[in-house]
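Asks: Supplied in structure tokens, the structure appears directly below.
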Amino acid sequence: MGASSADGPENTRAGADRWPTVADMAVPAIAAVVQLGLTWLVQHSGDDDPMSQGQWQAITATVLLSCVALLWRRRFPVVVLAVTVVLSGAGVLIGQKADTGLSGISDGIALYSLAVHRDRRHAVIGCLAAFAAAFAVFAPMRENLPDLVWNEVMELAWYVAVAALGQLRRQKKARRRELAERLAEADRERTAAAESERERLARDLHDVAGHHLSAVVVHSGAASRIDDPGLTGEALRTAAETGRDVLEALGRLVDVVGPDTDGGGLDSLLPPLCHGLTRLGVPVSLDVAGRARGLPPEVVTAVYRIVQESLTNAMRYASGAPVAVLIEYVPGAVEVEVVNGAPDDGGAAPALGTGRGIAGMRERATALGGTLDAGPEACGWAVRASVPTSAAGRGAGWPEVLDAVTIAFCCALPALLAFSPPDNLMSGRPFGVLVVVALGLLLRALPLWWRRRTPYAALTGLVVFDTLWVLSGLGDQILLEVFAVSVPAQAIAVYSVAAYARPGRRSWPAALIMAGPWVTLSLVIVRLEYESDPMPPGELGLALAYGVVISALLATLVLLPFWAWGRTVARRGRHWELTALETMAARTGEAVLAERHRIAMGLRGTVLDHTARLVRAAEAGLAGTAADGRAALDVVTGQARAALVDMRELLDAMEDHTVDGRVDGRVDGGAKEEQR
């Protein structure tokens with residue numbers, strides 16, 4: 001991540017001489033009230049010795065000073081974090097109480113601001129410094145080792161979560177700033193969109209027309225050298241079908257944004273491609289290794305085009321040689337290998353290529369974060385590519401850190417109740433039972449790791465596990481109590497569905513689904529009461545119905561606010577970005593359509609005209625005599641070659657347009673300025 005931002009060091013220093021705004025004052029004021037209020041409640045709700053008046057005055061001073069420092073948290077985040085950490089620790093030491101509201105609030109706010117306004121390194125160092133200070137202050141006040149371990153784990157999770165949230169906020173602001181800059185540079189965006197569309201059209205024109213027309217040249221040329229009426233008829237039929245395919249494909253090329261892969265994946269696209277070349281006399285074998293799975297459309301397109309171009313090159317330069325295509329599904333990627341042997345006759349390859357084949361394949365692979373190698377081998381030529389099936393280079397980031405902290409928290413909260421003194425619910429249980437319960441608490445939180453990618457699957461896994469936990473705890477009140485403090489995990493799962501579910505998918509049933517384990521719990525409780533105090537069947541039915549309705553209602557009411565929170569976050573984040581993207585799309589769509597129109601005009605009268613003549617000549621040859629067929633083969637071969645030449649010239653013109661702004665003598669953009 002870059003170090004600068006809208007609220008980064010540059011703007012921080014620029015605004016250092018300004019007084020805090022009303023928005024800057026709101027959070028510190030609330031923090032002061034919360035810290036003093038919590039500390040007062042904790043001290044007056046227990047039976048410990050209350051703090052003296054002098055201690056209260058000193059603590060109040062430290063709280064107010066730390067909150068005053070928070071006024072400058074956006075401009076001097078490093079200094080403010082250091083001040084709040086020192087003052088929070090001083091307040092705890094003055095009060096000599098571990099259970100207060102003096103730590104984790106002011107320094108947490110300062111740490112969040114540091115993570116928002118500084119880079120990753122500052123966020124990590126600030127997180128470790130805040131935790132180290134808290135550990136040094138609180139460690140001597142803990143009663144025993146288990147109490148120390150659990151509390152310090154929770155403190156570490158708190159500071160890590162705050163830093164992660166701050167960094168995620170920083171990334172979101174950077175994304176919005178990037179979109180805002182793109183909106184502000186609409187002219188450059190339109191130019192970039194037109195160039196991108198031109199490059200896309202050039203690649204697909206080369207892939208579609210070059211592949212088919214080269215096949216016609218090779219097959220028709222071979223058939224014309226052999227006086228075989230059957231082979232002549234087959235070549236003419238293939239040329240007519242291929243020509244019609246080219247006309248249809250080129251018509252689609254300028255009408256859609258990308259190649260049509262909606263009809264299926266590689267399993268449905270590659271076999272017809274390979275079979276088509278086999279029909280033309282090129283022996284192609286296709287093997288698929290690994291478990292086939294659904295792939296993103298851009299990956300399907302890239303793999304298909306790489307295989308198509310490799311087969312085209314094999315047909316051009318190694319006519320008649322066998323070709324082996326291997327598609328292997330590996331974790332996180334699709335491996336592609338196309339190997340062909342040497343030409344049967346050992347002759348020179350015809351000069352039909354445009355020189356863009358390997359470069360275009362490599363560009364497709366690298367655009368998705370993959371690799372491609374192509375070169376000669378002992379017995380021929382090989383193309384090997386690896387195309388990632390997910391975003392390249394993502395690695396573990398702050399979302400994963402936050403998810404790990406979430407899992408740790410959801411494991412630790414019920415574990416504190418189950419294993420921590422003095423209210424150790426699991427004391428006296430066999431060691432095997434303790435191990436099972438500990439593993440159960442860990443496994444229960446694991447589905448939350450996938451809450452962003454597959455939120456409904458994570459929620460379903462949690463519902464199933466909680467239901468089984470309740471059923472396994474029949475008659476065991478302690479296990480049911482452990483389950484009762486597991487609401488945070490359920491709330492996080494409901495929030496995740498609302499925030500990360502795919503657009504268009506309903507998320508409101510999440511709270512209702514998550515109420516399922518609580519309905520099961522109510523049925524278990526009624527059953528336990530019935531065993532201890534049997535009741536008539538009518539009363540039992542009413543008790544069951546009442547328990548189901550009340551538990552479902554209460555659970556839904558508790559979880560609905562988290563669903564609403566997730567929906568609000570999703571709408572606010574997505575709405576702004578979608579609006580910006582739609583605006584850019586509207587501004588660039590016109591340029592894209594204009595580029596397609598320009599390419600379409602270039603195709604008419606050149607490639608399309610020669611291809612149409614090719615089809616008519618092939619159909620006429622099929623309808624005539626054997627002599628007419630042989631004459632038609634020469635016409636078909638000539639028209640296919642002419643179409644390839646015109647396609648090469650059109651691609652060169654498109655490339656010149658991209659490089660210096662000139663096409664066919666016309667001058668665009670900056671070139672006009674040069675002429676002036």
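Chain labels A, B, ... are given in the sequence in which chains occur in the structure tokens; within each chain residues are numbered consecutively from 1, and ligands are likewise numbered from 1 in the order shown.
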Set the distance at 6 Å and use only C-alpha atoms: which residues neighbour segment 315-329 of chain A once local chain neighbours fewer than 3 positions away are removed? I'd like the list as a list in words.
Replies: Val282, Pro283, Val284, Ser285, Leu286, Asp287, Val288, Ala289, Gly290, Thr312, Val334, Glu335, Val336, Glu337, Val338, Val339, Asn340, Gly341, Ala342, Pro343, Asp344 and Ala349 of chain A
Asks: Could you pull the residues within 9 Å of Leu512 of chain A, counting only C-alpha atoms, minus those fewer than 2 positions along the same chain, as an NGL selection string?
Replies: :A and (508-510 or 514-516 or 552-553 or 555-556 or 559-560)
Asks: Keeping only N, CA and C atoms, write those residues as an mmCIF file, in the first residue's frame.
Replies:
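The resulting result13.cif:
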```cif
data_model
loop_
_atom_site.group_PDB
_atom_site.id
_atom_site.type_symbol
_atom_site.label_atom_id
_atom_site.label_comp_id
_atom_site.auth_asym_id
_atom_site.auth_seq_id
_atom_site.Cartn_x
_atom_site.Cartn_y
_atom_site.Cartn_z
ATOM 1 N N TRP A 508 -32.118 -11.505 4.027
ATOM 2 C CA TRP A 508 -32.942 -11.378 5.229
ATOM 3 C C TRP A 508 -33.258 -12.717 5.895
ATOM 4 N N PRO A 509 -33.299 -13.876 5.187
ATOM 5 C CA PRO A 509 -33.572 -15.129 5.910
ATOM 6 C C PRO A 509 -32.456 -15.539 6.866
ATOM 7 N N ALA A 510 -31.292 -14.858 6.830
ATOM 8 C CA ALA A 510 -30.164 -15.294 7.657
ATOM 9 C C ALA A 510 -30.520 -15.317 9.139
ATOM 10 N N MET A 514 -30.605 -18.630 11.519
ATOM 11 C CA MET A 514 -29.749 -18.720 12.692
ATOM 12 C C MET A 514 -30.541 -18.942 13.973
ATOM 13 N N ALA A 515 -31.849 -18.689 13.934
ATOM 14 C CA ALA A 515 -32.690 -18.951 15.112
ATOM 15 C C ALA A 515 -32.945 -20.432 15.308
ATOM 16 N N GLY A 516 -32.597 -21.263 14.313
ATOM 17 C CA GLY A 516 -32.857 -22.701 14.412
ATOM 18 C C GLY A 516 -32.275 -23.362 15.652
ATOM 19 N N ALA A 552 -37.713 -18.509 18.822
ATOM 20 C CA ALA A 552 -37.492 -18.015 17.459
ATOM 21 C C ALA A 552 -37.620 -16.498 17.400
ATOM 22 N N LEU A 553 -38.620 -15.965 18.098
ATOM 23 C CA LEU A 553 -38.833 -14.522 18.090
ATOM 24 C C LEU A 553 -37.679 -13.782 18.759
ATOM 25 N N ALA A 555 -34.554 -14.837 19.360
ATOM 26 C CA ALA A 555 -33.307 -14.980 18.616
ATOM 27 C C ALA A 555 -33.304 -14.092 17.382
ATOM 28 N N THR A 556 -34.445 -14.049 16.693
ATOM 29 C CA THR A 556 -34.521 -13.213 15.492
ATOM 30 C C THR A 556 -34.382 -11.739 15.838
ATOM 31 N N LEU A 559 -30.750 -10.954 16.538
ATOM 32 C CA LEU A 559 -29.857 -11.042 15.383
ATOM 33 C C LEU A 559 -30.194 -10.050 14.282
ATOM 34 N N LEU A 560 -31.444 -9.584 14.238
ATOM 35 C CA LEU A 560 -31.840 -8.665 13.166
ATOM 36 C C LEU A 560 -31.011 -7.376 13.130
#
```
Asks: For segment 109-116 of chain A, find every residue with an atom within 6 Å (counting only C-alpha atoms), except residues of its own chain fewer than 4 positions away, and show them as a ChimeraX atom specification.
Replies: /A:77,81,123,162-163,166-167,170
Asks: Here is a test: counting only C-alpha atoms, which residue of A:Pro447, A:Pro455, A:Gly265, A:Gly621 is nearest to Val299 of chain A?
Replies: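 The closest residue to Val299 of chain A is A:Gly265.
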Asks: Excluding Ala374 of chain A and residues on its chain fewer than 6 positions from it, collect all residues at most 8 Å away from it, counting only C-alpha atoms, and give them as a list in words.
Replies: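 Contacts, with the query itself left out: Ile358, Trp381, Ala382, Val383 and Arg384 of chain A.
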Asks: Excluding segment 208-224 of chain A and any residue of its chain fewer than 5 positions from it, enumerate the residues within 9 Å of it, using only C-alpha atoms, and give them as JSON, numbers by chain.
Replies: {"A": [203, 231, 232, 234, 235, 236, 238, 239, 242, 243, 245, 246, 247, 249, 250, 253, 277, 280, 281, 305, 308, 309, 311, 312, 313, 315, 316, 319, 350, 352, 353, 354, 607, 611, 630, 631, 633, 634, 636, 637, 638, 639, 640, 641, 643, 644, 647]}
Asks: So which residues touch Thr389 of chain A within 9 Å, counting only C-alpha atoms, skipping near sequence neighbours fewer than 3 positions away, as a ChimeraX atom specification?
Replies: /A:295-296,299,331-334,368,392
Asks: Take the residues just selected and output them with N, CA and C atoms as a compact mmCIF listing (two decimals), in the first residue's frame.
Replies:
```
# COMPACT_ATOMS: atom_id res chain seq x y z
N LEU A 295 -15.09 -22.22 -13.50
CA LEU A 295 -14.03 -21.22 -13.58
C LEU A 295 -14.61 -19.85 -13.91
N PRO A 296 -13.96 -18.79 -13.48
CA PRO A 296 -14.41 -17.44 -13.87
C PRO A 296 -14.38 -17.30 -15.39
N VAL A 299 -11.06 -16.57 -17.06
CA VAL A 299 -10.13 -17.70 -17.10
C VAL A 299 -10.49 -18.65 -18.24
N PRO A 331 -4.77 -27.02 -7.70
CA PRO A 331 -5.27 -26.04 -6.73
C PRO A 331 -4.88 -24.62 -7.09
N GLY A 332 -5.88 -23.77 -7.32
CA GLY A 332 -5.65 -22.36 -7.58
C GLY A 332 -5.29 -22.00 -9.00
N ALA A 333 -5.26 -22.98 -9.92
CA ALA A 333 -4.85 -22.65 -11.29
C ALA A 333 -5.30 -23.74 -12.24
N VAL A 334 -5.22 -23.40 -13.53
CA VAL A 334 -5.42 -24.36 -14.62
C VAL A 334 -4.13 -24.40 -15.42
N LEU A 368 -3.92 -12.22 -16.14
CA LEU A 368 -4.61 -12.86 -15.01
C LEU A 368 -3.63 -13.31 -13.94
N ALA A 392 -4.68 -12.90 -8.49
CA ALA A 392 -3.26 -13.18 -8.29
C ALA A 392 -2.64 -12.24 -7.27
```
Asks: Check the smallest atom-to-atom distance from each of A:Tyr159, A:Leu557, A:Ser551, A:Leu471 to Arg527 of chain A using only C-alpha atoms, then report the winner.
Replies: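 Of A:Tyr159, A:Leu557, A:Ser551, A:Leu471, the one nearest Arg527 of chain A, counting only C-alpha atoms, is A:Leu471.
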Asks: Could you find all residues in segment 51-190 of chain A that DSSP calls helix (DSSP H, G or I) from the backbone, and write them as a ChimeraX atom specification?
Replies: /A:53-72,77-95,106-117,120-141,145-184,186-190
Asks: Could you tell me, as a list in words, which residues of segment 113-334 of chain A DSSP assigns to strand (DSSP E or B) when given the backbone?
Replies: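 The strand (DSSP E or B) residues within segment 113-334 of chain A come out as Val284, Ser285, Leu286, Asp287, Val288, Ala289, Val323, Ala324, Val325, Leu326, Ile327, Glu328, Tyr329, Val330, Ala333 and Val334 of chain A.
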Asks: Which residue gives the smallest distance to Arg291 of chain A among A:Asp267, A:Ser52, A:Ala617, A:Thr21, with only C-alpha atoms counted?
Replies: A:Asp267
Asks: Pick out the closest residue to Tyr495 of chain A from this set: A:Tyr456, A:Trp450, A:Trp518, A:Phe562. Count only C-alpha atoms.
Replies: A:Phe562
